[in-house]
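Raw my_file.txt, compact mmCIF, C-alpha atoms:
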# COMPACT_ATOMS: atom_id res chain seq x y z
CA MET A 6 -3.72 12.34 -1.03
CA LYS A 7 -1.29 13.22 -3.85
CA LYS A 8 0.12 9.68 -3.67
CA ILE A 9 -3.34 8.19 -4.15
CA ILE A 10 -3.96 10.47 -7.10
CA ILE A 11 -0.66 9.47 -8.72
CA ILE A 12 -1.35 5.74 -8.18
CA CYS A 13 -4.81 6.16 -9.66
CA LEU A 14 -3.46 7.97 -12.70
CA VAL A 15 -0.72 5.37 -13.23
CA PHE A 16 -3.26 2.54 -13.06
CA SER A 17 -5.40 4.31 -15.59
CA PHE A 18 -2.86 3.54 -18.32
CA THR A 19 -2.56 -0.22 -18.04
CA GLN A 20 -3.34 -0.95 -21.66
CA ALA A 21 0.17 -0.55 -23.01
CA TYR A 22 1.41 -2.38 -26.10
CA ALA A 23 4.90 -2.70 -27.55
CA HIS A 24 5.78 0.05 -29.98
CA PHE A 25 7.92 -0.70 -32.99
CA GLY A 26 9.62 1.59 -35.46
CA MET A 27 9.21 -0.04 -38.85
CA VAL A 28 11.25 0.00 -42.05
CA ILE A 29 9.77 -2.53 -44.45
CA PRO A 30 11.12 -2.93 -47.99
CA SER A 31 9.19 -4.50 -50.85
CA ASP A 32 12.03 -6.97 -51.42
CA SER A 33 14.87 -8.08 -49.14
CA MET A 34 16.78 -10.06 -51.78
CA VAL A 35 16.87 -8.36 -55.16
CA MET A 36 17.93 -10.84 -57.80
CA GLN A 37 19.06 -9.90 -61.30
CA HIS A 38 15.67 -10.57 -62.87
CA ASP A 39 13.65 -8.87 -60.13
CA LYS A 40 12.28 -5.36 -60.20
CA ARG A 41 15.29 -3.20 -59.40
CA THR A 42 13.40 -0.37 -57.75
CA ILE A 43 12.33 -1.32 -54.27
CA SER A 44 9.84 0.65 -52.21
CA LEU A 45 10.28 1.13 -48.49
CA ASN A 46 7.64 2.08 -45.94
CA LEU A 47 8.66 3.84 -42.75
CA SER A 48 6.14 3.79 -39.92
CA PHE A 49 5.54 3.50 -36.20
CA SER A 50 3.05 1.01 -34.86
CA HIS A 51 1.99 -2.00 -32.86
CA PRO A 52 2.67 -4.40 -35.73
CA PHE A 53 0.93 -7.52 -34.47
CA GLU A 54 -2.29 -5.75 -33.62
CA MET A 55 -1.98 -3.52 -36.68
CA ILE A 56 -2.53 -0.41 -34.62
CA GLY A 57 -0.81 2.51 -36.27
CA MET A 58 0.72 5.58 -34.70
CA ASP A 59 1.77 8.80 -36.36
CA LEU A 60 5.37 8.91 -37.49
CA LEU A 61 6.80 12.40 -37.72
CA LYS A 62 9.31 13.00 -40.49
CA PRO A 63 12.41 11.14 -39.26
CA ALA A 64 15.44 13.10 -38.12
CA LYS A 65 17.59 10.96 -40.43
CA PHE A 66 17.06 8.26 -43.01
CA SER A 67 20.07 6.74 -44.69
CA VAL A 68 21.28 3.76 -46.59
CA PHE A 69 24.68 2.20 -46.06
CA GLU A 70 25.67 0.87 -49.43
CA ASN A 71 28.62 -1.44 -48.97
CA GLY A 72 29.55 0.57 -45.90
CA LYS A 73 29.13 4.06 -47.41
CA ARG A 74 26.37 6.23 -45.92
CA LYS A 75 23.97 7.99 -48.26
CA ASN A 76 21.37 10.46 -47.02
CA LEU A 77 17.89 9.63 -48.33
CA MET A 78 15.90 12.32 -46.53
CA SER A 79 15.12 14.23 -49.71
CA SER A 80 13.50 11.13 -51.25
CA LEU A 81 10.98 10.63 -48.43
CA LYS A 82 7.35 11.16 -49.29
CA LYS A 83 4.38 11.24 -46.96
CA THR A 84 2.11 8.24 -46.95
CA SER A 85 -0.23 6.40 -44.66
CA VAL A 86 0.40 3.07 -42.91
CA MET A 87 -2.31 1.57 -40.71
CA LYS A 88 -4.27 4.80 -41.26
CA HIS A 89 -1.55 6.91 -39.66
CA SER A 90 1.09 9.28 -40.94
CA ALA A 91 4.09 7.44 -42.37
CA TYR A 92 6.80 7.91 -44.99
CA LYS A 93 7.83 6.01 -48.09
CA LEU A 94 10.44 6.12 -50.79
CA ASN A 95 11.53 4.27 -53.87
CA TYR A 96 15.14 3.20 -54.07
CA LYS A 97 16.79 1.95 -57.18
CA VAL A 98 19.34 -0.77 -56.61
CA LYS A 99 22.01 -0.30 -59.24
CA ARG A 100 24.88 -2.50 -58.16
CA PRO A 101 25.47 -5.73 -56.26
CA GLY A 102 25.79 -5.12 -52.58
CA VAL A 103 24.35 -5.26 -49.11
CA TYR A 104 22.20 -2.24 -48.32
CA THR A 105 21.42 -1.34 -44.71
CA PHE A 106 18.56 1.14 -44.38
CA LEU A 107 18.53 3.09 -41.12
CA MET A 108 15.81 5.35 -39.75
CA GLU A 109 16.52 7.65 -36.82
CA PRO A 110 13.17 9.13 -35.82
CA LYS A 111 12.47 12.22 -33.77
CA PRO A 112 11.70 11.33 -30.13
CA TYR A 113 8.01 10.68 -29.63
CA TRP A 114 6.31 11.64 -26.34
CA GLU A 115 4.41 8.68 -24.89
CA PRO A 116 2.19 9.90 -22.03
CA SER A 117 1.28 6.39 -20.84
CA GLU A 118 4.94 5.56 -20.23
CA ASP A 119 5.86 9.08 -19.10
CA CYS A 120 8.87 9.09 -21.36
CA PHE A 121 10.05 9.85 -24.85
CA ILE A 122 10.50 6.98 -27.27
CA LYS A 123 13.04 6.87 -30.07
CA HIS A 124 13.30 3.66 -32.06
CA ILE A 125 16.36 3.55 -34.27
CA THR A 126 15.20 1.12 -36.90
CA LYS A 127 17.03 -0.74 -39.61
CA THR A 128 16.62 -3.46 -42.20
CA VAL A 129 19.05 -5.11 -44.59
CA VAL A 130 18.52 -5.68 -48.31
CA THR A 131 20.92 -7.64 -50.47
CA ALA A 132 21.19 -7.42 -54.23
CA PHE A 133 22.40 -9.35 -57.24
CA GLY A 134 24.09 -12.16 -55.36
CA ASP A 135 26.41 -10.05 -53.23
CA ASP A 136 26.85 -11.31 -49.74
CA GLU A 137 29.42 -9.27 -47.86
CA GLY A 138 28.80 -6.88 -45.01
CA TRP A 139 25.46 -8.19 -43.76
CA ASP A 140 26.71 -7.76 -40.18
CA PHE A 141 27.68 -4.13 -40.85
CA GLU A 142 27.46 -1.84 -37.83
CA THR A 143 25.94 1.55 -38.61
CA GLY A 144 27.40 3.21 -35.53
CA ALA A 145 23.97 4.22 -34.21
CA ILE A 146 23.89 4.81 -30.45
CA THR A 147 22.14 1.46 -30.06
CA GLU A 148 21.65 -1.31 -32.59
CA ILE A 149 21.19 -5.01 -33.09
CA VAL A 150 24.11 -6.50 -34.98
CA PRO A 151 22.96 -9.69 -36.71
CA LEU A 152 24.84 -12.91 -36.11
CA SER A 153 22.65 -14.72 -38.64
CA LYS A 154 22.36 -13.25 -42.13
CA PRO A 155 19.35 -10.92 -41.81
CA TYR A 156 17.93 -12.10 -45.14
CA GLY A 157 17.45 -15.44 -46.83
CA LEU A 158 16.07 -17.04 -43.68
CA TYR A 159 13.43 -19.74 -43.63
CA ALA A 160 10.63 -19.73 -41.07
CA GLY A 161 11.91 -22.04 -38.34
CA ASN A 162 15.53 -20.93 -38.70
CA LEU A 163 17.23 -19.67 -35.59
CA PHE A 164 17.98 -15.95 -35.68
CA GLN A 165 20.69 -14.52 -33.48
CA GLY A 166 21.93 -11.01 -32.90
CA ILE A 167 24.05 -8.96 -30.53
CA VAL A 168 22.58 -5.98 -28.72
CA LYS A 169 24.97 -3.06 -28.64
CA PHE A 170 24.86 0.30 -26.95
CA LYS A 171 27.50 2.87 -27.88
CA GLY A 172 29.40 0.06 -29.60
CA LYS A 173 29.54 -2.15 -26.51
CA VAL A 174 27.56 -5.33 -25.98
CA VAL A 175 24.64 -5.12 -23.55
CA PRO A 176 24.66 -8.18 -21.25
CA PHE A 177 21.22 -9.64 -20.56
CA ALA A 178 19.49 -7.06 -22.75
CA GLU A 179 15.76 -7.58 -23.14
CA VAL A 180 14.60 -7.99 -26.72
CA GLU A 181 10.94 -7.68 -27.68
CA ILE A 182 9.79 -9.49 -30.81
CA GLU A 183 6.66 -8.96 -32.87
CA TYR A 184 5.27 -10.31 -36.09
CA TYR A 185 4.07 -7.84 -38.72
CA ASN A 186 0.51 -9.06 -39.02
CA LYS A 187 -0.04 -7.32 -42.35
CA ASP A 188 -2.97 -9.45 -43.49
CA LYS A 189 -4.40 -9.53 -39.95
CA LYS A 190 -4.73 -13.30 -40.18
CA ALA A 191 -2.59 -14.10 -37.15
CA LYS A 192 -4.42 -14.28 -33.84
CA SER A 193 -2.66 -14.60 -30.51
CA PRO A 194 -4.20 -17.11 -28.10
CA THR A 195 -3.53 -14.72 -25.23
CA ASP A 196 -2.24 -11.17 -24.91
CA TYR A 197 1.03 -12.57 -23.58
CA MET A 198 1.77 -13.83 -27.08
CA ILE A 199 1.44 -10.57 -28.98
CA THR A 200 4.91 -9.44 -28.01
CA GLN A 201 7.41 -12.16 -27.28
CA THR A 202 10.43 -11.40 -25.15
CA VAL A 203 13.85 -12.98 -24.91
CA LYS A 204 16.89 -11.95 -22.93
CA ALA A 205 20.40 -11.81 -24.28
CA ASP A 206 23.17 -13.74 -22.57
CA LYS A 207 26.13 -12.12 -20.82
CA ASN A 208 27.68 -11.36 -24.23
CA GLY A 209 24.58 -9.54 -25.45
CA VAL A 210 23.67 -12.42 -27.78
CA PHE A 211 19.99 -13.23 -28.14
CA SER A 212 18.30 -16.01 -30.11
CA TYR A 213 14.84 -16.44 -31.56
CA THR A 214 13.19 -18.89 -33.93
CA ALA A 215 10.39 -17.35 -35.98
CA PRO A 216 7.48 -19.79 -36.18
CA LYS A 217 5.95 -18.29 -39.31
CA SER A 218 7.11 -16.70 -42.54
CA GLY A 219 6.84 -12.94 -42.86
CA TRP A 220 8.44 -9.85 -41.38
CA TRP A 221 9.54 -10.02 -37.74
CA GLY A 222 10.71 -7.04 -35.70
CA PHE A 223 13.36 -7.33 -32.98
CA SER A 224 13.54 -4.45 -30.55
CA ALA A 225 16.13 -4.06 -27.78
CA LEU A 226 15.19 -1.28 -25.39
CA SER A 227 17.39 0.84 -23.19
CA THR A 228 17.21 4.18 -21.43
CA ALA A 229 19.21 6.99 -22.97
CA PRO A 230 21.99 8.49 -20.85
CA TYR A 231 20.30 11.87 -21.31
CA LYS A 232 16.88 13.31 -20.53
CA MET A 233 14.54 15.49 -22.54
CA LYS A 234 12.17 18.13 -21.28
CA TYR A 235 8.41 17.76 -21.48
CA LYS A 236 6.41 20.72 -20.20
CA GLY A 237 9.50 21.90 -18.36
CA LYS A 238 10.22 18.59 -16.62
CA ALA A 239 13.15 16.30 -17.47
CA LYS A 240 11.91 12.97 -18.76
CA ASP A 241 13.58 9.66 -19.68
CA VAL A 242 14.16 8.77 -23.30
CA GLU A 243 13.59 5.12 -24.24
CA LEU A 244 15.94 4.12 -27.04
CA GLY A 245 15.02 1.15 -29.16
CA ALA A 246 17.43 -0.75 -31.38
CA VAL A 247 15.04 -2.25 -33.90
CA LEU A 248 15.85 -4.68 -36.70
CA TRP A 249 13.32 -6.02 -39.19
CA VAL A 250 14.01 -9.43 -40.71
CA LYS A 251 12.00 -11.40 -43.24
CA PHE A 252 11.59 -15.15 -42.83
CA HIS A 253 10.52 -17.06 -45.91
CA LYS A 254 8.37 -20.09 -46.55
CA TRP A 255 10.31 -23.21 -47.40
CA GLY A 256 10.80 -23.35 -51.16
CA SER A 257 9.43 -19.93 -52.11
CA LYS A 258 10.70 -16.37 -52.24
CA MET B 10 37.22 -50.98 -50.75
CA LEU B 11 39.20 -48.28 -48.98
CA LYS B 12 40.09 -46.82 -52.38
CA TYR B 13 36.40 -46.37 -53.25
CA LEU B 14 35.76 -44.75 -49.89
CA TYR B 15 38.55 -42.20 -50.54
CA ILE B 16 37.16 -41.45 -54.01
CA SER B 17 33.66 -41.01 -52.60
CA VAL B 18 34.92 -38.61 -49.92
CA ILE B 19 36.87 -36.58 -52.50
CA ILE B 20 33.83 -36.37 -54.80
CA LEU B 21 31.70 -35.30 -51.84
CA ILE B 22 34.17 -32.57 -50.84
CA CYS B 23 34.44 -31.30 -54.43
CA THR B 24 30.66 -31.07 -54.66
CA GLN B 25 30.52 -29.11 -51.41
CA ILE B 26 33.17 -26.70 -52.66
CA SER B 27 31.44 -26.12 -55.95
CA TYR B 28 28.30 -25.03 -54.09
CA ALA B 29 30.20 -22.92 -51.59
CA HIS B 30 32.12 -21.11 -54.35
CA LYS B 31 29.31 -19.92 -56.54
CA ILE B 32 30.38 -16.98 -58.69
CA THR B 33 28.55 -13.68 -58.61
CA VAL B 34 28.71 -11.82 -61.92
CA PHE B 35 27.63 -8.25 -62.49
CA ALA B 36 27.84 -6.46 -65.83
CA TRP B 37 26.74 -3.06 -67.04
CA VAL B 38 26.77 -0.90 -70.17
CA GLU B 39 28.66 2.35 -70.59
CA GLY B 40 28.48 3.70 -74.12
CA ASN B 41 29.90 0.98 -76.34
CA SER B 42 31.60 -0.83 -73.47
CA ILE B 43 30.51 -3.73 -71.33
CA HIS B 44 32.04 -3.76 -67.85
CA ILE B 45 32.15 -6.97 -65.87
CA GLU B 46 32.83 -7.68 -62.20
CA SER B 47 33.01 -11.16 -60.75
CA LYS B 48 33.70 -12.70 -57.39
CA PHE B 49 33.25 -15.86 -55.39
CA ASN B 50 30.87 -16.09 -52.46
CA GLY B 51 32.79 -14.59 -49.59
CA GLY B 52 34.25 -11.82 -51.72
CA ARG B 53 37.39 -13.35 -53.28
CA LYS B 54 37.83 -12.01 -56.83
CA VAL B 55 37.78 -14.35 -59.80
CA ASN B 56 41.29 -14.18 -61.24
CA LYS B 57 41.76 -15.26 -64.86
CA GLY B 58 38.17 -16.40 -65.18
CA ASP B 59 36.95 -17.16 -68.70
CA VAL B 60 34.53 -14.51 -69.92
CA SER B 61 32.15 -15.21 -72.75
CA ALA B 62 29.45 -12.93 -74.14
CA ILE B 63 26.58 -14.76 -75.83
CA ASN B 64 23.98 -13.06 -78.00
CA LYS B 65 20.31 -13.88 -78.37
CA ALA B 66 21.03 -16.39 -81.15
CA GLY B 67 23.33 -18.30 -78.80
CA ASP B 68 26.55 -17.27 -80.57
CA ILE B 69 29.63 -16.32 -78.60
CA ILE B 70 30.43 -12.79 -79.78
CA HIS B 71 33.35 -12.16 -77.45
CA LYS B 72 35.80 -14.03 -75.23
CA GLY B 73 38.26 -12.79 -72.61
CA LYS B 74 39.78 -13.31 -69.15
CA THR B 75 39.18 -11.41 -65.91
CA ASN B 76 42.08 -9.57 -64.25
CA SER B 77 43.20 -10.09 -60.64
CA LYS B 78 40.34 -7.83 -59.49
CA GLY B 79 37.81 -10.09 -61.21
CA GLU B 80 37.11 -7.36 -63.80
CA TYR B 81 36.93 -7.30 -67.56
CA THR B 82 35.84 -4.72 -70.13
CA PHE B 83 35.22 -5.04 -73.83
CA THR B 84 33.62 -2.99 -76.59
CA ILE B 85 30.61 -4.03 -78.62
CA LYS B 86 29.58 -3.35 -82.20
CA GLU B 87 25.92 -4.18 -81.85
CA LYS B 88 23.70 -3.05 -78.99
CA SER B 89 21.56 -6.08 -78.34
CA PRO B 90 20.85 -8.31 -75.28
CA LEU B 91 23.75 -10.39 -74.02
CA LYS B 92 24.36 -13.12 -71.51
CA ILE B 93 27.75 -12.67 -69.88
CA TRP B 94 29.29 -15.83 -68.42
CA VAL B 95 32.33 -15.96 -66.15
CA ASP B 96 33.76 -19.45 -65.69
CA ALA B 97 36.52 -20.19 -63.17
CA GLY B 98 36.54 -23.92 -63.86
CA ASN B 99 35.46 -26.89 -61.73
CA GLY B 100 31.84 -25.88 -62.13
CA HIS B 101 32.40 -22.45 -60.62
CA LYS B 102 30.54 -20.14 -62.92
CA GLY B 103 27.87 -17.49 -63.02
CA TYR B 104 26.19 -15.15 -65.47
CA TRP B 105 24.54 -11.78 -65.83
CA ASP B 106 21.89 -10.80 -68.37
CA ILE B 107 22.18 -7.45 -70.14
CA THR B 108 18.78 -6.41 -71.41
CA GLN B 109 17.92 -4.22 -74.39
CA GLY B 110 16.70 -1.51 -72.00
CA GLU B 111 20.20 -1.08 -70.64
CA PHE B 112 21.48 -0.22 -74.14
CA ASP B 113 18.56 2.08 -74.93
CA GLY B 114 18.78 3.89 -71.62
CA SER B 115 15.06 3.29 -71.37
CA ASP B 116 15.75 1.72 -68.02
CA ILE B 117 13.07 -0.86 -68.48
CA GLU B 118 12.80 -3.36 -65.67
CA PRO B 119 13.56 -6.90 -66.78
CA SER B 120 10.27 -8.27 -67.93
CA HIS B 121 10.94 -11.87 -68.77
CA ASN B 122 9.26 -12.96 -65.55
CA ILE B 123 6.02 -11.66 -66.94
CA GLU B 124 4.17 -14.17 -69.01
CA PRO B 125 3.40 -12.89 -72.51
CA VAL B 126 -0.25 -12.09 -73.09
CA GLN B 127 -1.71 -14.86 -75.16
CA LYS B 128 -3.91 -14.20 -78.13
CA ASN B 129 -7.48 -15.47 -78.16
CA MET B 130 -7.75 -14.91 -74.44
CA THR B 131 -11.49 -14.35 -74.60
CA SER B 132 -13.30 -17.52 -73.79
CA GLU B 133 -15.99 -18.74 -76.06
CA LYS B 134 -17.54 -20.89 -73.39
CA LYS B 135 -21.22 -20.23 -72.70
CA TYR B 136 -22.47 -20.66 -69.15
CA GLU B 137 -25.86 -21.97 -68.10
CA SER B 138 -27.82 -19.94 -65.55
CA ASN B 139 -27.32 -22.56 -62.79
CA GLU B 140 -23.57 -22.53 -63.47
CA ILE B 141 -23.53 -18.75 -63.12
CA ARG B 142 -25.49 -19.05 -59.85
CA GLU B 143 -22.93 -21.55 -58.50
CA ILE B 144 -20.02 -19.34 -59.49
CA VAL B 145 -21.62 -16.25 -57.92
CA ASP B 146 -22.47 -18.22 -54.76
CA SER B 147 -18.93 -19.50 -54.38
CA VAL B 148 -17.42 -16.03 -54.93
CA VAL B 149 -19.85 -14.35 -52.51
CA SER B 150 -19.32 -17.02 -49.87
CA SER B 151 -15.53 -16.74 -50.16
CA ARG B 152 -15.78 -12.94 -49.88
CA LEU B 153 -18.06 -13.24 -46.84
CA LYS B 154 -15.83 -15.72 -45.02
CA PRO B 155 -13.54 -13.09 -43.44
CA ILE B 156 -16.59 -11.10 -42.29
CA GLN B 157 -18.17 -14.22 -40.82
CA ARG B 158 -14.90 -15.03 -39.10
CA GLU B 159 -14.72 -11.51 -37.62
CA LEU B 160 -18.34 -11.79 -36.44
CA ALA B 161 -17.62 -15.15 -34.83
CA LEU B 162 -14.61 -13.69 -33.10
CA LEU B 163 -16.64 -10.71 -31.93
CA ARG B 164 -19.21 -13.09 -30.45
CA LYS B 165 -16.45 -15.10 -28.80
CA SER B 166 -14.77 -11.99 -27.44
CA LYS B 167 -17.90 -10.89 -25.55
CA GLU B 168 -16.32 -12.29 -22.45
CA PRO B 169 -13.88 -9.73 -21.17
CA GLY B 170 -10.23 -10.81 -21.16
CA PHE B 171 -7.57 -9.95 -18.62
CA GLN B 172 -6.55 -6.87 -20.54
CA ASP B 173 -10.15 -5.59 -20.78
CA ILE B 174 -10.67 -6.07 -17.03
CA ALA B 175 -7.34 -4.42 -16.22
CA GLY B 176 -8.17 -1.59 -18.61
CA GLY B 177 -11.63 -1.14 -17.10
CA VAL B 178 -10.25 -1.06 -13.57
CA GLY B 179 -7.65 1.38 -14.79
CA TYR B 180 -10.22 3.73 -16.22
CA ILE B 181 -12.23 3.64 -12.96
CA PHE B 182 -9.06 4.47 -11.01
CA GLY B 183 -8.28 7.18 -13.52
CA LEU B 184 -11.68 8.82 -13.17
CA MET B 185 -11.40 8.50 -9.38
CA GLY B 186 -8.00 10.13 -9.56
CA ILE B 187 -9.30 13.08 -11.53
CA PHE B 188 -12.31 13.40 -9.20
CA LEU B 189 -10.08 13.28 -6.08
CA TYR B 190 -7.68 15.75 -7.62
CA PHE B 191 -10.40 18.32 -8.07
CA LYS B 192 -11.93 17.59 -4.70
CA TYR B 193 -8.78 17.48 -2.52
CA GLY B 194 -5.77 18.14 -4.71
CA ARG B 195 -5.97 21.93 -4.60
CA LYS B 196 -6.33 22.12 -0.79
CA GLU B 197 -2.97 20.38 -0.33

Would you write the structure of this file as structure tokens?
Amino acid sequence: MKKIIIICLVFSFTQAYAHFGMVIPSDSMVMQHDKRTISLNLSFSHPFEMIGMDLLKPAKFSVFENGKRKNLMSSLKKTSVMKHSAYKLNYKVKRPGVYTFLMEPKPYWEPSEDCFIKHITKTVVTAFGDDEGWDFETGAITEIVPLSKPYGLYAGNLFQGIVKFKGKVVPFAEVEIEYYNKDKKAKSPTDYMITQTVKADKNGVFSYTAPKSGWWGFSALSTAPYKMKYKGKAKDVELGAVLWVKFHKWGSK
Amino acid sequence: MLKYLYISVIILICTQISYAHKITVFAWVEGNSIHIESKFNGGRKVNKGDVSAINKAGDIIHKGKTNSKGEYTFTIKEKSPLKIWVDAGNGHKGYWDITQGEFDGSDIEPSHNIEPVQKNMTSEKKYESNEIREIVDSVVSSRLKPIQRELALLRKSKEPGFQDIAGGVGYIFGLMGIFLYFKYGRKE
């Protein structure tokens, strides 16, 4: 009888969507005549369907400015994204460089998947014509290392990245991809097309061509080598290596 | 003929290089000094690049050369906006604008992208009542379009999709599970 009960309870949670940690800056390429203070929104959501989820204050939020880590936790302010708790901050870009923003959230308990979820999320902003270090590795337990510059891409360009876990490539890693449907104008013909999935090759390299301009999230999922307790029971921790990349319309910024 | 082909190829290569070696210039104010950094795309520093500082009137107020680190510093007498050029020759050059705000410390964002507000902005044109009606109609109809679209979609989505059916079945199983748990679960 217990088996039947478990099967019934598992089936009761079939409506699962892909979760994405989100770090979205107001500008990914700050030019010398642009506004030099960029704002960043940190959130947790289903970005295509625009369904928000509460983001607790992240465990860490940093920027790697030309390779040097700077803690930005004290600058975070509470806000709301998709009607759910989120965080924001303003960051003044003072010098040319490539700025990698990295959010390490607190693990979130997802009852429908019976596991904790922790999406380590990053995005890359470049400023004032500098162009070095766009493939910088933050050293996070898992991350997507871009093989294409993660800014200055046109819609239709091929984007490639390497999935890494503890610094090593993950052969045949599965990467989920979603469009940030901010204006809610995009409609998917079927539910299969809300989250798109590609697999990396044996060298952990994955490829994707974004069909539309806007922000696209790439999320490589893996199971942490440790477990966390929920109500006294050890549970899996899903680790996501998330990278947000903006694709631009041809001929406009 | 072959000679022309060679020349064409050389010109083509030179053009490619000039694009690939665009110079990035960055300059900032510290007291009465202007500091300049310059490098090529890819990070190589501009060595012995010609520096020129041009004021608002278009006059060159200072000239110099970058060191091996692509840097140069000079002092100014007047704190007013400058355009700093670094030229490495063969069309490899770049510039950085220093705004008045950087001298004042007022930290004003560059504003030249904002169009100046023109005088006499108020229109003198008088509209007829039918013109006003047309304008209002077009605005209201454009505002209503998204709502109409949503309504149309709602009508279309009356038919349950795969996810709805799966979700519905799931909920039935879920309720059954809870019911069975309370009925039999405790006995086991």

What lies within 7 Å of Lys169 in chain A using all atoms listed in the file, ignoring chain neighbours under 4 positions off, as an MDAnalysis selection string? chainID A and resid 147:149 173:175

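Distance-wise, CA of Met55 in chain A and CA of Asp196 in chain A end up 14.0 Å apart.
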
Show which residues sit within 9 Å of range 86-92 of chain A, as a PyMOL selection string. Count all atoms listed in the file, and ignore same-chain residues fewer than 5 positions away. chain A and resi 45-50+55-63+81

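Note that CA of Glu54 in chain A and CA of Ile146 in chain A are 28.4 Å apart.
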
Enter the distance from CA of Phe211 in chain A to CA of Ile199 in chain A, in Å, rounded to one decimal.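 About the pair CA of Phe211 in chain A and CA of Ile199 in chain A: they are 18.8 Å apart.
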
Find the residues around Glu80 in chain B up to 12 Å (only C-alpha atoms counted), leave out those fewer than 5 positions away in its own chain, and share them as a list in words.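 What passes the distance filter is Thr33, Val34, Phe35, Ala36, Trp37, Ile43, His44, Ile45, Glu46, Ser47, Lys48, Lys54, Val55, Asn56, Lys57, Gly58, Asp59, Val60, Gly73, Lys74, Thr75 and Val95 of chain B.
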
Which residue, A:Pro112, A:Gly102, A:Gly172, A:Gly256, has the smallest gap to Gly138 in chain A when you use all atoms listed in the file?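 For Gly138 in chain A, the nearest of the given residues is A:Gly102.
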
Give me the residues near Pro30 in chain A as a list in words, where near means some atom within 10 Å (using all atoms listed in the file) and where sequence neighbours in that chain fewer than 5 positions away do not count.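 The contact residues come out as Ile43, Ser44, Leu45, Asn46, Leu47, Lys93, Leu94, Asn95, Tyr96, Phe106, Thr128, Val129, Val130, Trp220, Trp249 and Lys251 of chain A.
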
Take the selection from the previous step and output its residues with C-alpha atoms, as a PDB file, keeping the file's coordinate frame.
ATOM      1  CA  ILE A  43      12.330  -1.320 -54.270  1.00  0.00           C
ATOM      2  CA  SER A  44       9.840   0.650 -52.210  1.00  0.00           C
ATOM      3  CA  LEU A  45      10.280   1.130 -48.490  1.00  0.00           C
ATOM      4  CA  ASN A  46       7.640   2.080 -45.940  1.00  0.00           C
ATOM      5  CA  LEU A  47       8.660   3.840 -42.750  1.00  0.00           C
ATOM      6  CA  LYS A  93       7.830   6.010 -48.090  1.00  0.00           C
ATOM      7  CA  LEU A  94      10.440   6.120 -50.790  1.00  0.00           C
ATOM      8  CA  ASN A  95      11.530   4.270 -53.870  1.00  0.00           C
ATOM      9  CA  TYR A  96      15.140   3.200 -54.070  1.00  0.00           C
ATOM     10  CA  PHE A 106      18.560   1.140 -44.380  1.00  0.00           C
ATOM     11  CA  THR A 128      16.620  -3.460 -42.200  1.00  0.00           C
ATOM     12  CA  VAL A 129      19.050  -5.110 -44.590  1.00  0.00           C
ATOM     13  CA  VAL A 130      18.520  -5.680 -48.310  1.00  0.00           C
ATOM     14  CA  TRP A 220       8.440  -9.850 -41.380  1.00  0.00           C
ATOM     15  CA  TRP A 249      13.320  -6.020 -39.190  1.00  0.00           C
ATOM     16  CA  LYS A 251      12.000 -11.400 -43.240  1.00  0.00           C
TER      17      LYS A 251
END

Can you find the residues with an atom no farther than 8 Å from (21.1, -2.1, -57.1), counting only C-alpha atoms, and report them as a list of chain:residue names? A:Val35, A:Arg41, A:Thr42, A:Lys97, A:Val98, A:Lys99, A:Arg100, A:Pro101, A:Gly102, A:Ala132, A:Phe133

May I have the protein, DNA and RNA residues with an atom at most 8 Å from (21.7, 3.0, -23.4), counting only C-alpha atoms in the file's coordinates, returned as a tab-separated table (two decimals) with C-alpha atoms, keeping the file's coordinate frame?
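Result went into out04.tsv, see below:
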chain	number	residue	atom	x	y	z
A	146	ILE	CA	23.89	4.81	-30.45
A	147	THR	CA	22.14	1.46	-30.06
A	170	PHE	CA	24.86	0.30	-26.95
A	171	LYS	CA	27.50	2.87	-27.88
A	227	SER	CA	17.39	0.84	-23.19
A	228	THR	CA	17.21	4.18	-21.43
A	229	ALA	CA	19.21	6.99	-22.97
A	230	PRO	CA	21.99	8.49	-20.85
A	244	LEU	CA	15.94	4.12	-27.04

Selected residue of minimal separation from chain A among B:Leu91, B:Gly51, B:Lys102, B:Glu39, counting all atoms listed in the file: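 Between B:Leu91, B:Gly51, B:Lys102, B:Glu39, the residue approaching chain A most closely is B:Gly51.
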
Between A:Pro194, A:Ser33, A:Glu137, A:Met233, which residue has the minimum interatomic distance to Gly52 in chain B, considering all atoms listed in the file?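 Closest to Gly52 in chain B of all the choices is A:Glu137.
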
Range 66-70 of chain A from the block above, N, CA and C atoms, as a PDB file, in the first residue's frame, please?
ATOM      1  N   PHE A  66      27.362  37.416  -3.140  1.00  0.00           N
ATOM      2  CA  PHE A  66      27.219  38.085  -4.439  1.00  0.00           C
ATOM      3  C   PHE A  66      28.476  38.914  -4.661  1.00  0.00           C
ATOM      4  N   SER A  67      29.136  38.632  -5.749  1.00  0.00           N
ATOM      5  CA  SER A  67      30.452  39.256  -5.983  1.00  0.00           C
ATOM      6  C   SER A  67      30.575  39.713  -7.426  1.00  0.00           C
ATOM      7  N   VAL A  68      31.543  40.580  -7.613  1.00  0.00           N
ATOM      8  CA  VAL A  68      31.933  40.923  -8.980  1.00  0.00           C
ATOM      9  C   VAL A  68      33.428  40.635  -9.110  1.00  0.00           C
ATOM     10  N   PHE A  69      33.786  40.052 -10.230  1.00  0.00           N
ATOM     11  CA  PHE A  69      35.201  39.843 -10.538  1.00  0.00           C
ATOM     12  C   PHE A  69      35.576  40.911 -11.553  1.00  0.00           C
ATOM     13  N   GLU A  70      36.316  41.885 -11.051  1.00  0.00           N
ATOM     14  CA  GLU A  70      36.711  43.002 -11.904  1.00  0.00           C
ATOM     15  C   GLU A  70      38.119  42.736 -12.385  1.00  0.00           C
TER      16      GLU A  70
END
